[in-house]
Amino acid sequence: MSEHTSATEPVLSVRGLRKVFGTQVAVDDMNFDLLPGRSLAIVGESGSGKTTVARMIVGLEKPTAGTIVACGRDRSKPARRGAERKLRGREVQIVFQDPYSSLDPRQSGADLIDEVLRVHHDHHASDRKRIVGELAEIVGLDQRQINAMPKALSGGQRQRVAIARALATDPHVLILDESVAALDVSIQAQVLNVLADIRDERGISYVLISHDLAVVRQLTEEAIVMQRGIVVEQGVTADILDDPQHAYTQMLRASVPGPGWKPQRMRERKAAADAAAEAAAS
Amino acid sequence: MSSLLEVRDLTVQLKMDAGPREVITGTSLDIGEGEAMGLVGESGSGKSMTAKAIARLLPDGATVTGSVTFDGTDVLALSGDALLKHRAQVAVVFQDPRAHINPVRRISDFMTESLRILDDVPKAEAVRKAAAALDEVGIDDPGKRLKQFPHELSGGMLQRVMIATALLSEPRLLLADECTTALDVTTQAEVMAILDDLRRDRGLSMLFITHDLELAGAVCDRTCVMYAGQIVETSAASRLHEDPLHPYSAALVQARPDISSTAERLVAIPGRPVSAFEAPSGCRFAPRCPHSLDSCRSTDQVLTDLDGGVVRCGRATDLRGNLLDGAHV
């Protein structure tokens, strides 16, 4: 499906990416390559800078330094012409966390997708109708649901509309910014399966921004762990989760409840760490 | 363990524009002294409404039948001072602390208000108690925090303030309604550890409401699973994961991705969760259940004892031990 990239060229390449808000360093020196059909997770807690990375990639935020290259084109600086901005929109799309605030309440899913198709592609009206139907089928919405106003849809159905809208430009990269975090467990599983199917069928690449390590494990092959703007660990998702190297990643991993999990007070954790440091020093 | 709280056959209807809507149908549960009970379910299952009924915080116009007994007192009949006293003994911590605190008042005003007004505690004494409560939930420099405004505190810090405030009335039962859902995982671990300590040190009982089966399993003694306004299973929390009795509990366990392995495909539950008022007759989960038979749809299911738990499924005896198919164990 890709006319710009071969299978070995990254669809998204980030080098030395940095963003400073006032005196606050939100993102410091981030580097990664994303290959076609692969998925990368950016993991961290609130304030780690993960959403700022997503916003810079789609062009909602201007990097302070560094380069972002998508589909072979640099997008570190704001687009200078409308056509270039549209091209960038076609190549990289985003699905936000909250489908209650990210959809226009007065527009049905079908109208929303039709509008995206009119803006980005030169299709005949009947073709657009066919594509809307195809996209609805991919994300598992029936005719009634795709033609319904958002208020008539559940959270999971709205999020499917948002995914269908993002797919309408036929993007090479889809950014999923906590896109399944607000969904009920049973619906989350449906949406994760849909995302996996889309990737297999279309060879699209995902950047998953998430705090949920189990979702990260399910959907991605590689992961970056961020803490207060700094990349503390980067590598194969399974390795990072099975054998975390950095102290922060270890703490994240240990904080996830599971069988035999015993939550520990910060004071106890600190005391244990201090005792270990003292023992190491003597 | 004697029961501190007994809920029997609780049914709640809310007044909506379109007429009364049932949100809970015939719920029964017991919580013992010092016991932590999990209450798990998806949106609309009625878990928050159960907590609100126990704390007598249901919206105006709600119709309630059945009984709620706390330490021998009929909760549904309380009014006036007796109701205030009940709410002091049964404290609630909600999901979003910022929605439950006055943003233009200092932390100390918020925390000491009920002590000073209801219990006539002198100001200095009330502030001292508030500082001690903040210290108990692991907040450093309580004196400084008390003088701050809510916007100066992070979400995790504010949630600890809410827990500390709940403690000031010396409650015997804490209703924790998704109280860690909005928090980061490391902060969630801290808050859970605090709740665990409180249970041990004060013998506090807890109803822990969450959508996270793993979290409930890790910190609770027993867990109730709710679906469409009904309890469908109550089992030992540790057991729910390994050997659930109800097909819905099993489906929830399997739908959740596993942090230690990648599944080829997640076992999703078809359809969407429903509320009590939109539920079909017969077994409410039957339309989404892979094990349902025609008889499931035609007969209302009742809670029955099985293997030390309670389950609302006519096929539970046939299906026991085979619901997880070896996956996710």
# chains A, B, ... in the order shown; residues from 1 in each chain; ligands from 1

$ interface_residues --of "chain A" --to "chain B" --cutoff "7 Å" --atoms "only C-alpha atoms" --output "list in words"
Glu45, Ser46, Asp184, Val185, Ser186, Ile187, Ala189, Gln190, Asn193, Leu213, Ala214, Val215, Arg217, Gln218, Asp242, Leu252, Ser255, Val256, Pro257, Gly258, Pro259, Gly260, Trp261, Pro263, Gln264, Arg265 and Met266 of chain A

$ residues_around --residues "B:Glu125" --least-positions-apart "3" --cutoff "12 Å" --atoms "only C-alpha atoms" --output "number ranges by chain"
B: 108, 112, 115-116, 119-122, 128-132, 168

$ residues_around --residues "stretch 117-124 of chain A" --least-positions-apart "6" --cutoff "7 Å" --atoms "only C-alpha atoms" --output "PDB file with N, CA and C atoms, in the first residue's frame"
ATOM      1  N   LYS A  86      -2.053  19.190   4.452  1.00  0.00           N
ATOM      2  CA  LYS A  86      -2.970  18.103   4.128  1.00  0.00           C
ATOM      3  C   LYS A  86      -2.226  16.788   3.907  1.00  0.00           C
ATOM      4  N   ARG A  90      -2.619  13.251   5.863  1.00  0.00           N
ATOM      5  CA  ARG A  90      -2.895  11.956   5.227  1.00  0.00           C
ATOM      6  C   ARG A  90      -1.951  10.878   5.728  1.00  0.00           C
ATOM      7  N   ALA A 168      -9.541   6.867   7.425  1.00  0.00           N
ATOM      8  CA  ALA A 168     -10.111   7.349   6.163  1.00  0.00           C
ATOM      9  C   ALA A 168      -9.076   7.999   5.265  1.00  0.00           C
ATOM     10  N   THR A 169      -8.027   8.566   5.835  1.00  0.00           N
ATOM     11  CA  THR A 169      -7.007   9.197   4.985  1.00  0.00           C
ATOM     12  C   THR A 169      -6.039   8.159   4.424  1.00  0.00           C
TER      13      THR A 169
END

$ select_by_dssp --residues "stretch 95-190 of chain A" --states "strand (DSSP E or B)" --output "PyMOL selection string"
chain A and resi 95+173-177

$ write_last_selection --atoms "C-alpha atoms" --output "mmCIF file, in the first residue's frame"
data_model
loop_
_atom_site.group_PDB
_atom_site.id
_atom_site.type_symbol
_atom_site.label_atom_id
_atom_site.label_comp_id
_atom_site.auth_asym_id
_atom_site.auth_seq_id
_atom_site.Cartn_x
_atom_site.Cartn_y
_atom_site.Cartn_z
ATOM 1 C CA VAL A 95 -6.999 8.643 17.826
ATOM 2 C CA VAL A 173 1.148 5.736 10.862
ATOM 3 C CA LEU A 174 -1.653 5.789 13.419
ATOM 4 C CA ILE A 175 -1.001 7.373 16.807
ATOM 5 C CA LEU A 176 -3.141 5.831 19.544
ATOM 6 C CA ASP A 177 -3.049 8.236 22.479
#

$ residues_around --residues "B:Arg172" --least-positions-apart "3" --cutoff "10 Å" --atoms "only C-alpha atoms" --output "PyMOL selection string"
chain B and resi 4+33-34+70-71+86+88-91+167+169+199+202-206

$ atom_distance --atom1 "atom CA of B:Ala62" --atom2 "atom CA of B:Val12"
6.8 Å

$ closest_residue --among "A:Leu167, A:Ala148, A:Val27, A:Ala238" --to "A:Glu221" --atoms "only C-alpha atoms"
A:Ala238

$ atom_distance --atom1 "atom CA of B:Arg98" --atom2 "atom CA of B:Thr181"
13.5 Å

$ atom_distance --atom1 "atom CA of A:Gly89" --atom2 "atom CA of A:Gln227"
28.8 Å

$ residues_around --residues "stretch 13-20 of chain B" --least-positions-apart "3" --cutoff "10 Å" --atoms "only C-alpha atoms" --output "PyMOL selection string"
chain B and resi 23-25+49+58-65+276-277

$ select_by_dssp --residues "stretch 59-178 of chain B" --states "helix (DSSP H, G or I)" --output "JSON, numbers by chain"
{"B": [75, 76, 77, 80, 81, 82, 83, 84, 85, 86, 87, 88, 89, 97, 98, 99, 100, 107, 108, 109, 110, 111, 112, 113, 114, 115, 116, 117, 118, 123, 124, 125, 126, 127, 128, 129, 130, 131, 132, 133, 134, 135, 136, 142, 143, 144, 145, 146, 147, 150, 151, 152, 155, 156, 157, 158, 159, 160, 161, 162, 163, 164, 165, 166, 167, 168]}

$ residues_around --residues "stretch 197-212 of chain A" --least-positions-apart "6" --cutoff "8 Å" --atoms "only C-alpha atoms" --output "VMD selection string"
(chain A and resid 1 11 34 to 45 50 to 51 54 138 171 to 178 181 220) or (chain B and resid 184 to 185)

$ write_last_selection --atoms "N, CA and C atoms" --output "PDB file, in the first residue's frame"
ATOM      1  N   MET A   1       0.802  -1.198   0.000  1.00  0.00           N
ATOM      2  CA  MET A   1       0.000   0.000   0.000  1.00  0.00           C
ATOM      3  C   MET A   1       0.847   1.266   0.000  1.00  0.00           C
ATOM      4  N   VAL A  11       8.880   4.244   8.414  1.00  0.00           N
ATOM      5  CA  VAL A  11       7.814   5.187   8.054  1.00  0.00           C
ATOM      6  C   VAL A  11       7.869   6.410   8.945  1.00  0.00           C
ATOM      7  N   LEU A  34      10.452   3.681  13.275  1.00  0.00           N
ATOM      8  CA  LEU A  34       9.293   2.785  13.245  1.00  0.00           C
ATOM      9  C   LEU A  34       9.164   2.234  11.832  1.00  0.00           C
ATOM     10  N   LEU A  35       9.221   0.893  11.707  1.00  0.00           N
ATOM     11  CA  LEU A  35       9.137   0.254  10.388  1.00  0.00           C
ATOM     12  C   LEU A  35       7.682   0.016  10.003  1.00  0.00           C
ATOM     13  N   PRO A  36       7.397  -0.132   8.712  1.00  0.00           N
ATOM     14  CA  PRO A  36       6.019  -0.384   8.271  1.00  0.00           C
ATOM     15  C   PRO A  36       5.456  -1.648   8.927  1.00  0.00           C
ATOM     16  N   GLY A  37       4.220  -1.581   9.381  1.00  0.00           N
ATOM     17  CA  GLY A  37       3.547  -2.745   9.964  1.00  0.00           C
ATOM     18  C   GLY A  37       3.991  -3.097  11.368  1.00  0.00           C
ATOM     19  N   ARG A  38       4.827  -2.231  11.957  1.00  0.00           N
ATOM     20  CA  ARG A  38       5.296  -2.500  13.321  1.00  0.00           C
ATOM     21  C   ARG A  38       4.614  -1.549  14.303  1.00  0.00           C
ATOM     22  N   SER A  39       4.704  -1.886  15.586  1.00  0.00           N
ATOM     23  CA  SER A  39       4.089  -1.030  16.595  1.00  0.00           C
ATOM     24  C   SER A  39       5.067  -0.702  17.709  1.00  0.00           C
ATOM     25  N   LEU A  40       5.030   0.553  18.094  1.00  0.00           N
ATOM     26  CA  LEU A  40       5.909   1.044  19.148  1.00  0.00           C
ATOM     27  C   LEU A  40       5.050   1.621  20.272  1.00  0.00           C
ATOM     28  N   ALA A  41       5.405   1.288  21.506  1.00  0.00           N
ATOM     29  CA  ALA A  41       4.685   1.858  22.642  1.00  0.00           C
ATOM     30  C   ALA A  41       5.527   2.943  23.295  1.00  0.00           C
ATOM     31  N   ILE A  42       4.895   4.022  23.684  1.00  0.00           N
ATOM     32  CA  ILE A  42       5.560   5.000  24.537  1.00  0.00           C
ATOM     33  C   ILE A  42       4.836   4.965  25.873  1.00  0.00           C
ATOM     34  N   VAL A  43       5.578   4.539  26.902  1.00  0.00           N
ATOM     35  CA  VAL A  43       4.989   4.240  28.200  1.00  0.00           C
ATOM     36  C   VAL A  43       5.462   5.267  29.217  1.00  0.00           C
ATOM     37  N   GLY A  44       4.579   5.659  30.097  1.00  0.00           N
ATOM     38  CA  GLY A  44       4.986   6.541  31.180  1.00  0.00           C
ATOM     39  C   GLY A  44       3.779   6.988  31.961  1.00  0.00           C
ATOM     40  N   GLU A  45       4.023   7.681  33.077  1.00  0.00           N
ATOM     41  CA  GLU A  45       2.924   8.151  33.909  1.00  0.00           C
ATOM     42  C   GLU A  45       2.571   9.582  33.518  1.00  0.00           C
ATOM     43  N   LYS A  50       4.803  11.782  27.335  1.00  0.00           N
ATOM     44  CA  LYS A  50       4.432  10.881  26.244  1.00  0.00           C
ATOM     45  C   LYS A  50       3.412  11.487  25.289  1.00  0.00           C
ATOM     46  N   THR A  51       2.447  12.207  25.834  1.00  0.00           N
ATOM     47  CA  THR A  51       1.449  12.841  24.962  1.00  0.00           C
ATOM     48  C   THR A  51       2.056  13.996  24.171  1.00  0.00           C
ATOM     49  N   ALA A  54       3.439  12.594  21.059  1.00  0.00           N
ATOM     50  CA  ALA A  54       2.378  12.334  20.084  1.00  0.00           C
ATOM     51  C   ALA A  54       1.956  13.626  19.398  1.00  0.00           C
ATOM     52  N   ILE A 138     -14.686  -2.527   8.755  1.00  0.00           N
ATOM     53  CA  ILE A 138     -13.382  -2.833   9.353  1.00  0.00           C
ATOM     54  C   ILE A 138     -13.412  -2.666  10.868  1.00  0.00           C
ATOM     55  N   PRO A 171      -3.758   6.345   6.292  1.00  0.00           N
ATOM     56  CA  PRO A 171      -2.473   6.769   6.851  1.00  0.00           C
ATOM     57  C   PRO A 171      -1.444   5.633   6.899  1.00  0.00           C
ATOM     58  N   HIS A 172      -0.179   6.009   6.986  1.00  0.00           N
ATOM     59  CA  HIS A 172       0.889   5.021   7.154  1.00  0.00           C
ATOM     60  C   HIS A 172       1.161   4.778   8.635  1.00  0.00           C
ATOM     61  N   VAL A 173       0.907   5.832   9.420  1.00  0.00           N
ATOM     62  CA  VAL A 173       1.148   5.736  10.862  1.00  0.00           C
ATOM     63  C   VAL A 173      -0.109   6.185  11.593  1.00  0.00           C
ATOM     64  N   LEU A 174      -0.520   5.400  12.588  1.00  0.00           N
ATOM     65  CA  LEU A 174      -1.653   5.789  13.419  1.00  0.00           C
ATOM     66  C   LEU A 174      -1.153   5.946  14.849  1.00  0.00           C
ATOM     67  N   ILE A 175      -1.385   7.137  15.416  1.00  0.00           N
ATOM     68  CA  ILE A 175      -1.001   7.373  16.807  1.00  0.00           C
ATOM     69  C   ILE A 175      -2.213   7.070  17.677  1.00  0.00           C
ATOM     70  N   LEU A 176      -2.047   6.198  18.644  1.00  0.00           N
ATOM     71  CA  LEU A 176      -3.141   5.831  19.544  1.00  0.00           C
ATOM     72  C   LEU A 176      -2.807   6.399  20.917  1.00  0.00           C
ATOM     73  N   ASP A 177      -3.394   7.568  21.220  1.00  0.00           N
ATOM     74  CA  ASP A 177      -3.049   8.236  22.479  1.00  0.00           C
ATOM     75  C   ASP A 177      -4.026   7.798  23.571  1.00  0.00           C
ATOM     76  N   GLU A 178      -3.663   6.760  24.319  1.00  0.00           N
ATOM     77  CA  GLU A 178      -4.525   6.180  25.373  1.00  0.00           C
ATOM     78  C   GLU A 178      -5.900   5.827  24.793  1.00  0.00           C
ATOM     79  N   ALA A 181      -7.954   3.273  26.786  1.00  0.00           N
ATOM     80  CA  ALA A 181      -7.885   3.368  28.247  1.00  0.00           C
ATOM     81  C   ALA A 181      -9.252   3.540  28.889  1.00  0.00           C
ATOM     82  N   THR A 220       2.163  -4.178  20.991  1.00  0.00           N
ATOM     83  CA  THR A 220       3.409  -3.633  20.435  1.00  0.00           C
ATOM     84  C   THR A 220       4.591  -4.590  20.519  1.00  0.00           C
TER      85      THR A 220
ATOM     86  N   ASP B 184      -2.023   7.256  38.467  1.00  0.00           N
ATOM     87  CA  ASP B 184      -0.927   6.515  37.850  1.00  0.00           C
ATOM     88  C   ASP B 184      -0.698   5.202  38.596  1.00  0.00           C
ATOM     89  N   VAL B 185      -0.121   4.222  37.907  1.00  0.00           N
ATOM     90  CA  VAL B 185       0.027   2.896  38.546  1.00  0.00           C
ATOM     91  C   VAL B 185       0.857   2.932  39.819  1.00  0.00           C
TER      92      VAL B 185
END

$ residues_around --residues "B:Asp177" --least-positions-apart "6" --cutoff "10 Å" --atoms "only C-alpha atoms" --output "VMD selection string"
chain B and resid 39 47 to 49 51 to 52 92 to 96 207 to 211

$ write_last_selection --atoms "N, CA and C atoms" --output "mmCIF file, in the first residue's frame"
data_model
loop_
_atom_site.group_PDB
_atom_site.id
_atom_site.type_symbol
_atom_site.label_atom_id
_atom_site.label_comp_id
_atom_site.auth_asym_id
_atom_site.auth_seq_id
_atom_site.Cartn_x
_atom_site.Cartn_y
_atom_site.Cartn_z
ATOM 1 N N LEU B 39 -16.090 -5.327 44.493
ATOM 2 C CA LEU B 39 -17.316 -5.293 43.702
ATOM 3 C C LEU B 39 -16.886 -4.916 42.285
ATOM 4 N N LYS B 47 -22.716 -1.117 40.179
ATOM 5 C CA LYS B 47 -21.829 -1.195 41.333
ATOM 6 C C LYS B 47 -21.754 0.121 42.108
ATOM 7 N N SER B 48 -21.709 1.251 41.400
ATOM 8 C CA SER B 48 -21.690 2.541 42.107
ATOM 9 C C SER B 48 -23.002 2.809 42.816
ATOM 10 N N MET B 49 -24.108 2.418 42.193
ATOM 11 C CA MET B 49 -25.428 2.638 42.798
ATOM 12 C C MET B 49 -25.575 1.806 44.071
ATOM 13 N N ALA B 51 -23.141 1.178 46.157
ATOM 14 C CA ALA B 51 -22.425 1.947 47.182
ATOM 15 C C ALA B 51 -23.257 3.142 47.620
ATOM 16 N N LYS B 52 -23.878 3.805 46.658
ATOM 17 C CA LYS B 52 -24.676 4.986 46.995
ATOM 18 C C LYS B 52 -25.876 4.607 47.861
ATOM 19 N N VAL B 92 -17.189 7.459 52.169
ATOM 20 C CA VAL B 92 -17.076 7.142 50.745
ATOM 21 C C VAL B 92 -15.895 7.907 50.146
ATOM 22 N N VAL B 93 -15.095 7.235 49.315
ATOM 23 C CA VAL B 93 -14.043 7.913 48.548
ATOM 24 C C VAL B 93 -14.346 7.655 47.078
ATOM 25 N N PHE B 94 -14.523 8.743 46.319
ATOM 26 C CA PHE B 94 -14.934 8.607 44.918
ATOM 27 C C PHE B 94 -13.742 8.602 43.965
ATOM 28 N N GLN B 95 -14.069 8.409 42.686
ATOM 29 C CA GLN B 95 -13.016 8.314 41.670
ATOM 30 C C GLN B 95 -12.256 9.620 41.483
ATOM 31 N N ASP B 96 -12.994 10.729 41.349
ATOM 32 C CA ASP B 96 -12.354 11.984 40.958
ATOM 33 C C ASP B 96 -12.328 12.955 42.141
ATOM 34 N N LEU B 207 -15.622 -1.811 51.089
ATOM 35 C CA LEU B 207 -16.246 -2.273 49.846
ATOM 36 C C LEU B 207 -15.456 -1.602 48.743
ATOM 37 N N PHE B 208 -14.722 -2.406 47.995
ATOM 38 C CA PHE B 208 -13.796 -1.861 47.013
ATOM 39 C C PHE B 208 -14.363 -2.055 45.610
ATOM 40 N N ILE B 209 -14.849 -0.942 45.039
ATOM 41 C CA ILE B 209 -15.505 -1.010 43.733
ATOM 42 C C ILE B 209 -14.494 -0.726 42.635
ATOM 43 N N THR B 210 -14.407 -1.603 41.653
ATOM 44 C CA THR B 210 -13.436 -1.384 40.584
ATOM 45 C C THR B 210 -13.855 -2.143 39.328
ATOM 46 N N HIS B 211 -13.330 -1.732 38.192
ATOM 47 C CA HIS B 211 -13.545 -2.499 36.974
ATOM 48 C C HIS B 211 -12.364 -3.441 36.768
#

$ closest_residue --among "A:Gly16, A:Gly22, A:Ala271, A:Val225" --to "A:Gln250" --atoms "only C-alpha atoms"
A:Val225
